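Asker: Got a structure for you, questions after.
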Amino acid sequence: MTKSASAPLPASVLEALARYDTPTICNAMEIVAPERRLIGYTTKPLVCPFPDLPPMVGYARTVTIRSVVKSGLPADEQSKRRIDYYEYVGTGHGPRITVIQDIDGPDAGYGAFWGEVQSNVHKALGCLGVVTDGSIRDIPQWAPGFQALAGSIGPSHAWVHAESFGGEVRVAGMTVRSDDLIHADSHGAIVIPHDIAAKVPDACELCARRETPILEIARSKDFTLEKLKAALKRSAEIH
């Protein structure tokens, strides 16, 4: 189990970040951290069965799972591993988002770790949702308000079990470490480095101001190409 040395951010910063959707956060990150333009966010499609839920912002609890092979641990050690896992997920900086990598390779998603039970347990432990390249199930019985981004939806949990937790994982192209700050909604997820998180909301507002003149003319009945050119020029002058 690993721990980040970074101190938790003020709740006001997380609340400010949660006012924007994840694409807007990605746009803002291009301003405050242009060196991360090609890294730090999901690049493969994920299923979101609850697209109307608001964005979630929280600290990562990282896990790897397998389901095509049975755990080799004796029953008592499996029980201890489960308790240790829940203690990890239920402690640390909050709120938390569980980020789970399915390490079954081409069989990822063969068995669902997530369903009615785990969604409710993790919600009770202080998690806002899950981002995983594995599968989920029990959608109608899912914990209310608990967000999910998953690689697939399937019926069985097969031999699913946690292999490890607290280490680095890679889900849908996004590399995540324990306690990384995650922003996610139905579009996908992104890691926001702690040291620039407070700058992101202002950058989101700047993005909106730059888009406004373009959107106004694009939506106008008086749209012309010349007016679009003028709007693009005005947009570029906004700082």
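Each chain in the structure tokens gets a letter, A, B and so on, in the order shown; residues start at 1 in every chain, and ligands are counted from 1 in the order they appear.
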Based on the backbone DSSP call, show me all residues of stretch 187-222 of chain A assigned strand (DSSP E or B), as JSON, numbers by chain.

Answerer: {"A": [188, 189, 190, 191, 192]}

Asker: Near A:Val13, within 10 Å and counting only C-alpha atoms, which residues show up once chain neighbours fewer than 6 positions away are dropped, as a PDB file with N, CA and C atoms, in the first residue's frame?

Answerer:
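Just written: out34.pdb:
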```pdb
ATOM      1  N   VAL A  57     -15.337  14.468  -8.104  1.00  0.00           N
ATOM      2  CA  VAL A  57     -13.947  14.871  -7.875  1.00  0.00           C
ATOM      3  C   VAL A  57     -13.501  14.258  -6.563  1.00  0.00           C
ATOM      4  N   ALA A 197      -4.136  22.199  -9.135  1.00  0.00           N
ATOM      5  CA  ALA A 197      -5.593  22.042  -9.043  1.00  0.00           C
ATOM      6  C   ALA A 197      -6.307  23.365  -8.795  1.00  0.00           C
ATOM      7  N   ALA A 198      -5.738  24.212  -7.935  1.00  0.00           N
ATOM      8  CA  ALA A 198      -6.398  25.476  -7.588  1.00  0.00           C
ATOM      9  C   ALA A 198      -6.450  26.445  -8.765  1.00  0.00           C
ATOM     10  N   LYS A 199      -5.595  26.235  -9.777  1.00  0.00           N
ATOM     11  CA  LYS A 199      -5.578  27.124 -10.946  1.00  0.00           C
ATOM     12  C   LYS A 199      -6.601  26.720 -12.003  1.00  0.00           C
ATOM     13  N   VAL A 200      -7.085  25.500 -11.922  1.00  0.00           N
ATOM     14  CA  VAL A 200      -7.924  24.966 -12.988  1.00  0.00           C
ATOM     15  C   VAL A 200      -9.275  25.679 -13.110  1.00  0.00           C
ATOM     16  N   PRO A 201      -9.993  25.978 -12.002  1.00  0.00           N
ATOM     17  CA  PRO A 201     -11.284  26.656 -12.164  1.00  0.00           C
ATOM     18  C   PRO A 201     -11.193  27.985 -12.910  1.00  0.00           C
TER      19      PRO A 201
END
```

Asker: Considering only C-alpha atoms, give me a table of residues in stretch 177-196 of chain A that are at most 9 Å from stretch 155-171 of chain A, with the closest atom pair and distance in Å for each, as a tab-separated table.

Answerer:
```
residue	atom	partner	partner_atom	distance
A:Arg177	CA	A:Glu168	CA	4.6
A:Ser178	CA	A:Gly166	CA	5.5
A:Asp179	CA	A:Gly166	CA	8.8
```

Asker: Next, write the just-selected residues to a file, as a CSV table (one decimal), in the first residue's frame, keeping N, CA, C and O atoms as the atom set.

Answerer:
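Generated file (selection-v3.csv):
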```csv
chain,number,residue,atom,x,y,z
A,177,ARG,N,-2.1,6.9,-9.6
A,177,ARG,CA,-1.5,6.5,-8.4
A,177,ARG,C,-2.4,6.8,-7.2
A,177,ARG,O,-3.2,7.7,-7.3
A,178,SER,N,-2.2,6.1,-6.1
A,178,SER,CA,-3.0,6.3,-4.9
A,178,SER,C,-2.9,7.7,-4.5
A,178,SER,O,-1.9,8.3,-4.4
A,179,ASP,N,-4.1,8.3,-4.2
A,179,ASP,CA,-4.3,9.7,-3.7
A,179,ASP,C,-4.2,10.7,-4.9
A,179,ASP,O,-4.3,11.9,-4.6
```

Asker: Using DSSP on the backbone, list every residue of stretch 18-224 of chain A that comes out as helix (DSSP H, G or I), and give them as a PyMOL selection string.

Answerer: chain A and resi 22-32+34-36+75-89+105-107+116-124+139-141+194-218

Asker: Save out the residues we just selected, C-alpha atoms, as a compact mmCIF listing (two decimals), in the first residue's frame.

Answerer:
```
# COMPACT_ATOMS: atom_id res chain seq x y z
CA THR A 22 -14.59 16.73 -17.59
CA PRO A 23 -14.07 18.03 -21.17
CA THR A 24 -13.93 21.57 -19.79
CA ILE A 25 -11.38 20.43 -17.20
CA CYS A 26 -9.32 18.93 -20.05
CA ASN A 27 -9.50 22.25 -21.91
CA ALA A 28 -8.36 24.11 -18.81
CA MET A 29 -5.49 21.69 -18.27
CA GLU A 30 -4.21 22.60 -21.73
CA ILE A 31 -3.77 26.12 -20.38
CA VAL A 32 -2.31 25.46 -16.92
CA PRO A 34 0.24 22.13 -21.56
CA GLU A 35 2.93 19.49 -21.05
CA ARG A 36 0.13 17.07 -20.02
CA ALA A 75 -9.88 -18.86 2.66
CA ASP A 76 -8.67 -17.17 5.85
CA GLU A 77 -6.09 -15.13 3.94
CA GLN A 78 -8.70 -14.17 1.36
CA SER A 79 -10.92 -12.86 4.18
CA LYS A 80 -8.04 -10.88 5.64
CA ARG A 81 -7.20 -9.47 2.19
CA ARG A 82 -10.81 -8.31 1.80
CA ILE A 83 -10.74 -6.51 5.16
CA ASP A 84 -7.38 -4.92 4.37
CA TYR A 85 -8.80 -3.77 1.05
CA TYR A 86 -11.86 -2.18 2.65
CA GLU A 87 -9.64 -0.46 5.24
CA TYR A 88 -7.55 0.99 2.41
CA VAL A 89 -10.58 2.17 0.44
CA GLY A 105 -5.60 -8.78 -20.53
CA PRO A 106 -7.82 -9.76 -23.47
CA ASP A 107 -10.28 -11.26 -20.97
CA GLU A 116 -25.29 -4.04 -6.02
CA VAL A 117 -23.18 -5.07 -3.02
CA GLN A 118 -19.87 -3.41 -3.87
CA SER A 119 -21.45 -0.14 -5.02
CA ASN A 120 -23.35 0.17 -1.76
CA VAL A 121 -20.37 -0.87 0.39
CA HIS A 122 -18.02 1.56 -1.34
CA LYS A 123 -20.54 4.37 -1.08
CA ALA A 124 -20.78 3.71 2.66
CA ILE A 139 -27.38 -1.67 -12.77
CA PRO A 140 -31.01 -1.32 -11.48
CA GLN A 141 -29.86 -2.19 -7.94
CA HIS A 194 -2.37 18.62 -6.72
CA ASP A 195 -0.01 21.55 -7.29
CA ILE A 196 -2.08 23.03 -10.13
CA ALA A 197 -5.59 22.04 -9.04
CA ALA A 198 -6.40 25.48 -7.59
CA LYS A 199 -5.58 27.12 -10.95
CA VAL A 200 -7.92 24.97 -12.99
CA PRO A 201 -11.28 26.66 -12.16
CA ASP A 202 -10.02 30.07 -13.35
CA ALA A 203 -8.73 28.43 -16.51
CA CYS A 204 -12.17 26.87 -17.04
CA GLU A 205 -13.70 30.35 -16.88
CA LEU A 206 -11.12 31.64 -19.36
CA CYS A 207 -12.05 28.82 -21.75
CA ALA A 208 -15.72 29.77 -21.45
CA ARG A 209 -15.00 33.44 -22.16
CA ARG A 210 -12.99 32.50 -25.24
CA GLU A 211 -15.78 30.27 -26.54
CA THR A 212 -18.56 32.79 -25.97
CA PRO A 213 -18.05 35.05 -29.03
CA ILE A 214 -17.68 32.00 -31.29
CA LEU A 215 -20.80 30.32 -29.96
CA GLU A 216 -22.82 33.53 -30.11
CA ILE A 217 -22.20 34.03 -33.82
CA ALA A 218 -22.49 30.29 -34.61
```

Asker: So which one's closest to A:Thr132, A:Asp180, A:Pro54, A:Gly92, A:Lys44? Using only C-alpha atoms, please.

Answerer: A:Lys44

Asker: Which residues come within 10 Å of A:Met174, counting only C-alpha atoms, excluding same-chain residues fewer than 2 positions away, as a list in words?

Answerer: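 Selected residues are Ile39, Gly40, Tyr41, Thr42, Thr43, Lys44, Val169, Arg170, Val171, Ala172, Val176, Gly188, Ala189, Ile190 and Val191 of chain A.
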
Asker: Pick the closest to A:Tyr110 from A:Ala150, A:His93, A:Ser71, A:Arg66: which is it, counting only C-alpha atoms?

Answerer: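 Ranked by minimum distance to A:Tyr110, first place goes to A:Arg66.
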
Asker: Counting only C-alpha atoms, figure out which residue out of A:Thr91, A:Thr62, A:Ser135, A:Thr175 gets nearest to A:Phe113.

Answerer: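 Going through A:Thr91, A:Thr62, A:Ser135, A:Thr175 one by one, the smallest distance to A:Phe113 is for A:Ser135.
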
Asker: Could you give me, as a count of residues only, the residues within 6 Å of A:Arg137, counting only C-alpha atoms and dropping anything in the same chain fewer than 4 positions from it?

Answerer: 4
